[in-house]
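Asker: The structure under discussion is supplied below as structure tokens; questions concerning it will follow.
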Amino acid sequence: MEVNGGAVSDPETIRSQFLQLLCTRRNAQVPLTVEPAKPVVKPLFQDVTPPTFSEAMESCPKANIGNLKELLKEENLYLRTEAGDQGKLPVLILSTKGNNQEKRPAVVFLHSTHKCKEWLRPLLEAYASRGYVAIGVDSRYHGERASSLTTYRDALVSSWKNGDTMPFIFDAVWDLIKLADYLTGRDDIDPTKIGITGESLGGMHAWFAAFADTRYAVAAPIIGVQGFRWAIDNDKWQARVDSIKAVFEEARTDLGKNEIDKEVVEKVWDRIAPGLASQFDAPSTVPAIAPRPLLIVNGAEDPRCPLEGLEIPKTRAYKAYGQAHSDKFKLVAEPGIGHQMTPLMVKEASDWFDQFLK
């Protein structure tokens, strides 16, 4: 498959290839089961200084309901997505109590690196207040699936060493496919109206889950979509590498290099997320989401998601959506903003879901 120009495989072919890849590094398959869980009292953040407040999330549009806290229904559960420690997916679901039996739209929210589902609560509450079923999960090696401040870092290094897991993006997509299995079977959710969004790492998860599973009917990845191959070819990979530097330092040592260079970067991606910088990169996977509504929201000055790296994916997406669906693809680049989720981005995503899921 040509990625930087020329023909691209049709969406179903590339989707099938990606699903085949996901199946190559799986633990034993088990039935999808649901176990009750308890609310997390002390969430684990893998930041040196745990975060306390997000202006962007707190700004999310809410319905004006005075007694919202009393009306909220909270569910905590575990989904078994495969065998093994990381095959237990912690899920937090917020909705409003009600006697009506009508099915509601749902939105899945995915956190950024080192955060957890509890961090997403302001967003979950805001969407629940507006009639959505709002779902947050702990990504692999995060939250309840982490045991220390280095769990995620250690998993990335282990993947480089052993090549038996895909902790960067791809294993999370497996969980999100299983999550869709569960959500589409719930009595309170309209299976044709499930959206997905996330911030940073969560934005990448949302992008790839929407590509891989067409049951995610609307997608709005925030500061996550980028061109991995473009970054390598144009020497713009440093900021992304710095965000998970330990695995690249390990690879540099193993490859006998004095410094991290583009060869190290390429080899790491090929090892921990095969195809990320080739056949499954943005030029192929972004247009494959068409004709489902897709909003990409980035900062115009984001060094981790350089805007120039999205020119080819954007051009191909416009072509894939065509005139008949031109209103279903939008790329917003907020001026003067780096790698940061802002109130404007949260509002853009909120409006997008209201437009296409309500």
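For the structure tokens, the naming scheme is as follows: chains receive sequential letters (A, B, ...) according to their order of presentation, residues are indexed from 1 within each chain, and ligands are indexed from 1 in presentation order.
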So that I can check the secondary structure, give me every residue of segment 30-231 of chain A assigned helix (DSSP H, G or I) by backbone DSSP, as a PyMOL selection string.

Answerer: chain A and resi 55-58+68-71+85-87+117-129+143-145+151-162+170-183+201-212+228-231

Asker: Counting only C-alpha atoms, what is within 10 Å of segment 255-264 of chain A, bar same-chain residues fewer than 3 positions away, as a list in words?

Answerer: Ala231, Ile232, Asp233, Asn234, Asp235, Lys236, Trp237, Gln238, Val241, Lys245, Phe248, Glu249, Glu250, Ala251, Arg252, Lys267, Val268, Trp269 and Asp270 of chain A

Asker: Report as a PDB file with all heavy atoms, in the first residue's frame: the residues of segment 216-310 of chain A with a DSSP assignment of strand (DSSP E), based on the backbone of this structure.

Answerer:
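Written output follows (result.pdb):
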ATOM      1  N   VAL A 218     -19.867   8.109  15.410  1.00  0.00           N
ATOM      2  CA  VAL A 218     -19.372   9.483  15.327  1.00  0.00           C
ATOM      3  C   VAL A 218     -18.079   9.563  16.133  1.00  0.00           C
ATOM      4  O   VAL A 218     -18.006   9.005  17.232  1.00  0.00           O
ATOM      5  CB  VAL A 218     -20.401  10.489  15.910  1.00  0.00           C
ATOM      6  CG1 VAL A 218     -19.895  11.920  15.766  1.00  0.00           C
ATOM      7  CG2 VAL A 218     -21.761  10.333  15.238  1.00  0.00           C
ATOM      8  N   ALA A 219     -17.068  10.252  15.603  1.00  0.00           N
ATOM      9  CA  ALA A 219     -15.776  10.337  16.296  1.00  0.00           C
ATOM     10  C   ALA A 219     -15.299  11.782  16.375  1.00  0.00           C
ATOM     11  O   ALA A 219     -15.508  12.563  15.439  1.00  0.00           O
ATOM     12  CB  ALA A 219     -14.729   9.481  15.593  1.00  0.00           C
ATOM     13  N   ALA A 220     -14.661  12.108  17.503  1.00  0.00           N
ATOM     14  CA  ALA A 220     -14.110  13.454  17.686  1.00  0.00           C
ATOM     15  C   ALA A 220     -12.804  13.380  18.483  1.00  0.00           C
ATOM     16  O   ALA A 220     -12.753  13.784  19.648  1.00  0.00           O
ATOM     17  CB  ALA A 220     -15.123  14.358  18.391  1.00  0.00           C
ATOM     18  N   PRO A 221     -11.731  12.853  17.879  1.00  0.00           N
ATOM     19  CA  PRO A 221     -10.445  12.796  18.581  1.00  0.00           C
ATOM     20  C   PRO A 221      -9.853  14.186  18.784  1.00  0.00           C
ATOM     21  O   PRO A 221      -9.852  15.007  17.860  1.00  0.00           O
ATOM     22  CB  PRO A 221      -9.568  11.949  17.648  1.00  0.00           C
ATOM     23  CG  PRO A 221     -10.210  12.055  16.303  1.00  0.00           C
ATOM     24  CD  PRO A 221     -11.679  12.256  16.536  1.00  0.00           C
ATOM     25  N   ILE A 222      -9.369  14.441  20.001  1.00  0.00           N
ATOM     26  CA  ILE A 222      -8.823  15.752  20.370  1.00  0.00           C
ATOM     27  C   ILE A 222      -7.315  15.624  20.603  1.00  0.00           C
ATOM     28  O   ILE A 222      -6.861  14.745  21.341  1.00  0.00           O
ATOM     29  CB  ILE A 222      -9.519  16.281  21.643  1.00  0.00           C
ATOM     30  CG1 ILE A 222     -11.030  16.465  21.383  1.00  0.00           C
ATOM     31  CG2 ILE A 222      -8.897  17.598  22.102  1.00  0.00           C
ATOM     32  CD1 ILE A 222     -11.838  16.814  22.629  1.00  0.00           C
ATOM     33  N   LEU A 294     -16.682  12.671  11.368  1.00  0.00           N
ATOM     34  CA  LEU A 294     -15.366  12.716  12.003  1.00  0.00           C
ATOM     35  C   LEU A 294     -14.933  14.162  12.176  1.00  0.00           C
ATOM     36  O   LEU A 294     -14.811  14.913  11.198  1.00  0.00           O
ATOM     37  CB  LEU A 294     -14.330  11.974  11.145  1.00  0.00           C
ATOM     38  CG  LEU A 294     -12.863  12.141  11.552  1.00  0.00           C
ATOM     39  CD1 LEU A 294     -12.602  11.571  12.948  1.00  0.00           C
ATOM     40  CD2 LEU A 294     -11.934  11.489  10.525  1.00  0.00           C
ATOM     41  N   LEU A 295     -14.698  14.542  13.425  1.00  0.00           N
ATOM     42  CA  LEU A 295     -14.141  15.846  13.772  1.00  0.00           C
ATOM     43  C   LEU A 295     -12.741  15.627  14.339  1.00  0.00           C
ATOM     44  O   LEU A 295     -12.572  14.874  15.293  1.00  0.00           O
ATOM     45  CB  LEU A 295     -15.014  16.544  14.822  1.00  0.00           C
ATOM     46  CG  LEU A 295     -14.419  17.788  15.483  1.00  0.00           C
ATOM     47  CD1 LEU A 295     -14.378  18.959  14.507  1.00  0.00           C
ATOM     48  CD2 LEU A 295     -15.207  18.161  16.744  1.00  0.00           C
ATOM     49  N   ILE A 296     -11.758  16.275  13.748  1.00  0.00           N
ATOM     50  CA  ILE A 296     -10.395  16.248  14.278  1.00  0.00           C
ATOM     51  C   ILE A 296     -10.102  17.625  14.849  1.00  0.00           C
ATOM     52  O   ILE A 296     -10.227  18.634  14.146  1.00  0.00           O
ATOM     53  CB  ILE A 296      -9.372  15.900  13.174  1.00  0.00           C
ATOM     54  CG1 ILE A 296      -9.620  14.491  12.636  1.00  0.00           C
ATOM     55  CG2 ILE A 296      -7.939  16.024  13.702  1.00  0.00           C
ATOM     56  CD1 ILE A 296      -8.773  14.144  11.413  1.00  0.00           C
ATOM     57  N   VAL A 297      -9.745  17.683  16.133  1.00  0.00           N
ATOM     58  CA  VAL A 297      -9.459  18.969  16.778  1.00  0.00           C
ATOM     59  C   VAL A 297      -8.029  18.947  17.311  1.00  0.00           C
ATOM     60  O   VAL A 297      -7.689  18.123  18.164  1.00  0.00           O
ATOM     61  CB  VAL A 297     -10.432  19.249  17.948  1.00  0.00           C
ATOM     62  CG1 VAL A 297     -10.371  20.725  18.322  1.00  0.00           C
ATOM     63  CG2 VAL A 297     -11.850  18.879  17.594  1.00  0.00           C
ATOM     64  N   ASN A 298      -7.195  19.846  16.815  1.00  0.00           N
ATOM     65  CA  ASN A 298      -5.794  19.926  17.231  1.00  0.00           C
ATOM     66  C   ASN A 298      -5.416  21.367  17.535  1.00  0.00           C
ATOM     67  O   ASN A 298      -6.138  22.296  17.168  1.00  0.00           O
ATOM     68  CB  ASN A 298      -4.871  19.394  16.123  1.00  0.00           C
ATOM     69  CG  ASN A 298      -4.825  17.875  16.064  1.00  0.00           C
ATOM     70  OD1 ASN A 298      -5.540  17.183  16.782  1.00  0.00           O
ATOM     71  ND2 ASN A 298      -3.989  17.348  15.196  1.00  0.00           N
ATOM     72  N   GLY A 299      -4.275  21.546  18.167  1.00  0.00           N
ATOM     73  CA  GLY A 299      -3.690  22.863  18.305  1.00  0.00           C
ATOM     74  C   GLY A 299      -2.849  23.162  17.078  1.00  0.00           C
ATOM     75  O   GLY A 299      -2.102  22.298  16.617  1.00  0.00           O
TER      76      GLY A 299
END

Asker: Counting only C-alpha atoms, which of A:Ala146, A:Leu32, A:Ala83, A:Leu94 gets nearest to Asp181 of chain A?

Answerer: A:Leu32

Asker: Residues near Ile196 of chain A, anyone? I mean within 9 Å using only C-alpha atoms, not counting same-chain ones fewer than 4 positions away, as a list in words.

Answerer: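 Counting only the stated atoms, we get Ala106, Val107, Val108, Phe109, Leu110, Ala206, Trp207, Ala209, Ala210, Tyr216, Ala217, Val218, Ala219, Ala220 and Pro221 of chain A.
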
Asker: The selected residues should be written to file as a PDB file, in the first residue's frame (atoms: N, CA, C and O atoms).

Answerer:
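Heads up, here's the output in again_22.pdb:
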ATOM      1  N   ALA A 106     -24.917   7.462  23.230  1.00  0.00           N
ATOM      2  CA  ALA A 106     -23.824   7.243  24.184  1.00  0.00           C
ATOM      3  C   ALA A 106     -22.533   7.820  23.615  1.00  0.00           C
ATOM      4  O   ALA A 106     -22.349   7.881  22.401  1.00  0.00           O
ATOM      5  N   VAL A 107     -21.659   8.247  24.517  1.00  0.00           N
ATOM      6  CA  VAL A 107     -20.333   8.708  24.100  1.00  0.00           C
ATOM      7  C   VAL A 107     -19.286   8.077  25.013  1.00  0.00           C
ATOM      8  O   VAL A 107     -19.424   8.086  26.236  1.00  0.00           O
ATOM      9  N   VAL A 108     -18.258   7.521  24.391  1.00  0.00           N
ATOM     10  CA  VAL A 108     -17.121   6.937  25.110  1.00  0.00           C
ATOM     11  C   VAL A 108     -16.010   7.981  25.176  1.00  0.00           C
ATOM     12  O   VAL A 108     -15.673   8.611  24.163  1.00  0.00           O
ATOM     13  N   PHE A 109     -15.446   8.174  26.374  1.00  0.00           N
ATOM     14  CA  PHE A 109     -14.386   9.158  26.607  1.00  0.00           C
ATOM     15  C   PHE A 109     -13.101   8.429  27.000  1.00  0.00           C
ATOM     16  O   PHE A 109     -13.129   7.524  27.841  1.00  0.00           O
ATOM     17  N   LEU A 110     -11.977   8.867  26.430  1.00  0.00           N
ATOM     18  CA  LEU A 110     -10.701   8.193  26.659  1.00  0.00           C
ATOM     19  C   LEU A 110      -9.661   9.197  27.157  1.00  0.00           C
ATOM     20  O   LEU A 110      -9.473  10.267  26.568  1.00  0.00           O
ATOM     21  N   ALA A 206      -9.323   6.974  20.199  1.00  0.00           N
ATOM     22  CA  ALA A 206     -10.615   7.242  19.567  1.00  0.00           C
ATOM     23  C   ALA A 206     -10.507   7.152  18.045  1.00  0.00           C
ATOM     24  O   ALA A 206     -11.383   6.580  17.371  1.00  0.00           O
ATOM     25  N   TRP A 207      -9.444   7.732  17.501  1.00  0.00           N
ATOM     26  CA  TRP A 207      -9.204   7.689  16.053  1.00  0.00           C
ATOM     27  C   TRP A 207      -9.127   6.245  15.566  1.00  0.00           C
ATOM     28  O   TRP A 207      -9.832   5.849  14.623  1.00  0.00           O
ATOM     29  N   ALA A 209     -10.010   3.408  17.104  1.00  0.00           N
ATOM     30  CA  ALA A 209     -11.215   2.618  17.378  1.00  0.00           C
ATOM     31  C   ALA A 209     -12.290   2.918  16.344  1.00  0.00           C
ATOM     32  O   ALA A 209     -12.980   2.007  15.863  1.00  0.00           O
ATOM     33  N   ALA A 210     -12.450   4.194  15.983  1.00  0.00           N
ATOM     34  CA  ALA A 210     -13.441   4.561  14.963  1.00  0.00           C
ATOM     35  C   ALA A 210     -13.072   3.980  13.605  1.00  0.00           C
ATOM     36  O   ALA A 210     -13.941   3.550  12.839  1.00  0.00           O
ATOM     37  N   TYR A 216     -18.780   2.543  16.112  1.00  0.00           N
ATOM     38  CA  TYR A 216     -18.570   3.902  16.623  1.00  0.00           C
ATOM     39  C   TYR A 216     -19.010   4.852  15.515  1.00  0.00           C
ATOM     40  O   TYR A 216     -18.309   5.073  14.531  1.00  0.00           O
ATOM     41  N   ALA A 217     -20.228   5.384  15.688  1.00  0.00           N
ATOM     42  CA  ALA A 217     -20.923   6.080  14.604  1.00  0.00           C
ATOM     43  C   ALA A 217     -20.431   7.502  14.377  1.00  0.00           C
ATOM     44  O   ALA A 217     -20.574   8.043  13.280  1.00  0.00           O
ATOM     45  N   VAL A 218     -19.867   8.109  15.410  1.00  0.00           N
ATOM     46  CA  VAL A 218     -19.372   9.483  15.327  1.00  0.00           C
ATOM     47  C   VAL A 218     -18.079   9.563  16.133  1.00  0.00           C
ATOM     48  O   VAL A 218     -18.006   9.005  17.232  1.00  0.00           O
ATOM     49  N   ALA A 219     -17.068  10.252  15.603  1.00  0.00           N
ATOM     50  CA  ALA A 219     -15.776  10.337  16.296  1.00  0.00           C
ATOM     51  C   ALA A 219     -15.299  11.782  16.375  1.00  0.00           C
ATOM     52  O   ALA A 219     -15.508  12.563  15.439  1.00  0.00           O
ATOM     53  N   ALA A 220     -14.661  12.108  17.503  1.00  0.00           N
ATOM     54  CA  ALA A 220     -14.110  13.454  17.686  1.00  0.00           C
ATOM     55  C   ALA A 220     -12.804  13.380  18.483  1.00  0.00           C
ATOM     56  O   ALA A 220     -12.753  13.784  19.648  1.00  0.00           O
ATOM     57  N   PRO A 221     -11.731  12.853  17.879  1.00  0.00           N
ATOM     58  CA  PRO A 221     -10.445  12.796  18.581  1.00  0.00           C
ATOM     59  C   PRO A 221      -9.853  14.186  18.784  1.00  0.00           C
ATOM     60  O   PRO A 221      -9.852  15.007  17.860  1.00  0.00           O
TER      61      PRO A 221
END

Asker: Using only C-alpha atoms, can you tell me which of A:Thr197, A:Ser284, A:Thr192, A:Thr113 comes closest to Phe228 of chain A?

Answerer: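 Counting only C-alpha atoms, the residue closest to Phe228 of chain A is A:Ser284.
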
Asker: Using only C-alpha atoms, pick whichever of A:Val137, A:Val286, A:Val91, A:Val30 has the shortest atom-to-atom distance to Ile14 of chain A.

Answerer: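 Residue with the minimum atom-to-atom distance to Ile14 of chain A: A:Val286.
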
Asker: For Gly227 of chain A, work out the shell of residues within 12 Å, counting only C-alpha atoms and skipping chain neighbours fewer than 6 positions away, then give it as a VMD selection string.

Answerer: chain A and resid 3 to 4 204 233 to 237 240 276 to 286 303 to 314

Asker: So that I can see what lies close to Thr165 of chain A, please list as a list in words the residues with an atom at most 9 Å from it, counting only C-alpha atoms and leaving out residues fewer than 3 positions away in the same chain.

Answerer: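 So, after excluding close chain neighbours, the residues are Arg25, Arg26, Ala155, Leu156, Ser158, Ser159, Trp160, Asn162, Phe168, Phe170, Asp171, Ile272 and Ala273 of chain A.
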
Asker: Convert the current residue selection to file output with C-alpha atoms, as an mmCIF file, in the first residue's frame.

Answerer:
data_model
loop_
_atom_site.group_PDB
_atom_site.id
_atom_site.type_symbol
_atom_site.label_atom_id
_atom_site.label_comp_id
_atom_site.auth_asym_id
_atom_site.auth_seq_id
_atom_site.Cartn_x
_atom_site.Cartn_y
_atom_site.Cartn_z
ATOM 1 C CA ARG A 25 -0.665 -10.633 19.916
ATOM 2 C CA ARG A 26 -3.655 -11.706 21.973
ATOM 3 C CA ALA A 155 4.881 -1.982 29.403
ATOM 4 C CA LEU A 156 6.244 0.026 26.476
ATOM 5 C CA SER A 158 8.660 -4.701 27.591
ATOM 6 C CA SER A 159 6.924 -4.524 24.211
ATOM 7 C CA TRP A 160 10.149 -3.332 22.586
ATOM 8 C CA ASN A 162 9.670 -8.965 23.701
ATOM 9 C CA PHE A 168 0.835 1.916 22.383
ATOM 10 C CA PHE A 170 -3.347 -0.966 19.358
ATOM 11 C CA ASP A 171 -4.133 -3.118 22.417
ATOM 12 C CA ILE A 272 5.445 -1.887 19.467
ATOM 13 C CA ALA A 273 2.748 -0.816 16.960
#

Asker: Return the single residue from A:Gln355, A:Pro191, A:Val157, A:Pro274 that is closest to Thr253 of chain A, with distances computed using only C-alpha atoms.

Answerer: A:Val157

Asker: Quick check, in Å to one decimal: how far apart do atom CA of Leu72 of chain A and atom CA of Pro36 of chain A lie?

Answerer: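 Distance between the two atoms: 18.0 Å.
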
Asker: For segment 318-325 of chain A, find every residue with an atom within 6 Å (counting only C-alpha atoms), except residues of its own chain fewer than 6 positions away, and show them as a list of chain:residue names.

Answerer: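 Using only C-alpha atoms, the neighbours found are A:Pro287, A:Ala290, A:Pro291.
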
Asker: Pull N, CA, C and O atoms from the residues just selected and write them as a JSON list (two decimals), in the first residue's frame.

Answerer:
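Dumped to result-v2.json:
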[["chain", "number", "residue", "atom", "x", "y", "z"],
["A", 287, "PRO", "N", -9.25, 8.57, 6.28],
["A", 287, "PRO", "CA", -10.31, 8.50, 5.28],
["A", 287, "PRO", "C", -11.17, 7.24, 5.40],
["A", 287, "PRO", "O", -12.31, 7.23, 4.95],
["A", 290, "ALA", "N", -14.77, 7.49, 6.86],
["A", 290, "ALA", "CA", -15.88, 7.97, 6.03],
["A", 290, "ALA", "C", -16.85, 6.82, 5.74],
["A", 290, "ALA", "O", -16.42, 5.67, 5.58],
["A", 291, "PRO", "N", -18.17, 7.12, 5.65],
["A", 291, "PRO", "CA", -18.81, 8.44, 5.71],
["A", 291, "PRO", "C", -19.31, 8.82, 7.11],
["A", 291, "PRO", "O", -20.10, 9.74, 7.24]]

Asker: As an exercise, work out the distance from atom CA of Asp213 of chain A to atom CA of Cys116 of chain A in Å and give it to one decimal place.

Answerer: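 So the two atoms, atom CA of Asp213 of chain A and atom CA of Cys116 of chain A, lie 22.8 Å apart.
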
Asker: Identify which of the residues A:Gly143, A:Pro61, A:Pro39, A:Gly336 lies closest to Asp351 of chain A, counting only C-alpha atoms when measuring atom-to-atom distances.

Answerer: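 Of A:Gly143, A:Pro61, A:Pro39, A:Gly336, the one nearest Asp351 of chain A is A:Pro61, counting only C-alpha atoms.
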
Asker: Find the residues near Pro335 of chain A: any atom within 10 Å, counting only C-alpha atoms, skip ones fewer than 2 places away on the same chain, and give them as a ChimeraX atom specification.

Answerer: /A:298-302,332-333,337-338

Asker: Would you mind exporting the chosen residues as an mmCIF file, in the first residue's frame, restricted to all heavy atoms?

Answerer:
data_model
loop_
_atom_site.group_PDB
_atom_site.id
_atom_site.type_symbol
_atom_site.label_atom_id
_atom_site.label_comp_id
_atom_site.auth_asym_id
_atom_site.auth_seq_id
_atom_site.Cartn_x
_atom_site.Cartn_y
_atom_site.Cartn_z
ATOM 1 N N ASN A 298 -7.195 19.846 16.815
ATOM 2 C CA ASN A 298 -5.794 19.926 17.231
ATOM 3 C C ASN A 298 -5.416 21.367 17.535
ATOM 4 O O ASN A 298 -6.138 22.296 17.168
ATOM 5 C CB ASN A 298 -4.871 19.394 16.123
ATOM 6 C CG ASN A 298 -4.825 17.875 16.064
ATOM 7 O OD1 ASN A 298 -5.540 17.183 16.782
ATOM 8 N ND2 ASN A 298 -3.989 17.348 15.196
ATOM 9 N N GLY A 299 -4.275 21.546 18.167
ATOM 10 C CA GLY A 299 -3.690 22.863 18.305
ATOM 11 C C GLY A 299 -2.849 23.162 17.078
ATOM 12 O O GLY A 299 -2.102 22.298 16.617
ATOM 13 N N ALA A 300 -2.949 24.379 16.564
ATOM 14 C CA ALA A 300 -2.217 24.718 15.335
ATOM 15 C C ALA A 300 -0.705 24.672 15.533
ATOM 16 O O ALA A 300 0.048 24.496 14.573
ATOM 17 C CB ALA A 300 -2.640 26.098 14.839
ATOM 18 N N GLU A 301 -0.254 24.795 16.798
ATOM 19 C CA GLU A 301 1.189 24.802 17.070
ATOM 20 C C GLU A 301 1.616 23.548 17.840
ATOM 21 O O GLU A 301 2.641 23.566 18.524
ATOM 22 C CB GLU A 301 1.563 26.050 17.883
ATOM 23 C CG GLU A 301 1.064 27.369 17.316
ATOM 24 C CD GLU A 301 1.587 27.647 15.919
ATOM 25 O OE1 GLU A 301 2.732 27.235 15.634
ATOM 26 O OE2 GLU A 301 0.848 28.239 15.111
ATOM 27 N N ASP A 302 0.858 22.481 17.742
ATOM 28 C CA ASP A 302 1.140 21.265 18.508
ATOM 29 C C ASP A 302 2.344 20.520 17.921
ATOM 30 O O ASP A 302 2.265 19.994 16.815
ATOM 31 C CB ASP A 302 -0.094 20.355 18.501
ATOM 32 C CG ASP A 302 0.042 19.160 19.430
ATOM 33 O OD1 ASP A 302 1.171 18.862 19.872
ATOM 34 O OD2 ASP A 302 -0.989 18.517 19.709
ATOM 35 N N VAL A 332 -10.364 21.097 12.835
ATOM 36 C CA VAL A 332 -10.218 22.388 13.503
ATOM 37 C C VAL A 332 -8.819 22.475 14.099
ATOM 38 O O VAL A 332 -8.407 21.599 14.863
ATOM 39 C CB VAL A 332 -11.265 22.553 14.631
ATOM 40 C CG1 VAL A 332 -11.024 23.852 15.401
ATOM 41 C CG2 VAL A 332 -12.680 22.524 14.059
ATOM 42 N N ALA A 333 -8.075 23.513 13.737
ATOM 43 C CA ALA A 333 -6.746 23.753 14.314
ATOM 44 C C ALA A 333 -6.800 25.079 15.058
ATOM 45 O O ALA A 333 -6.890 26.144 14.440
ATOM 46 C CB ALA A 333 -5.686 23.793 13.217
ATOM 47 N N ILE A 337 -2.178 27.415 19.824
ATOM 48 C CA ILE A 337 -2.270 26.381 20.848
ATOM 49 C C ILE A 337 -1.345 25.210 20.512
ATOM 50 O O ILE A 337 -1.309 24.732 19.378
ATOM 51 C CB ILE A 337 -3.729 25.870 20.990
ATOM 52 C CG1 ILE A 337 -4.652 27.006 21.424
ATOM 53 C CG2 ILE A 337 -3.803 24.703 21.971
ATOM 54 C CD1 ILE A 337 -4.344 27.585 22.795
ATOM 55 N N GLY A 338 -0.592 24.758 21.515
ATOM 56 C CA GLY A 338 0.282 23.598 21.346
ATOM 57 C C GLY A 338 -0.449 22.322 21.705
ATOM 58 O O GLY A 338 -1.616 22.139 21.364
#

Asker: Using only C-alpha atoms, find the one residue out of A:Asn100, A:Asn64, A:Ser148, A:Thr184 that sits nearest to Pro43 of chain A.

Answerer: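 Comparing A:Asn100, A:Asn64, A:Ser148, A:Thr184 against Pro43 of chain A, the winner is A:Ser148.
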
Asker: Between atom CA of Ser129 of chain A and atom CA of Leu68 of chain A, what is the spacing in Å?

Answerer: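 So the two atoms, atom CA of Leu68 of chain A and atom CA of Ser129 of chain A, lie 7.0 Å apart.
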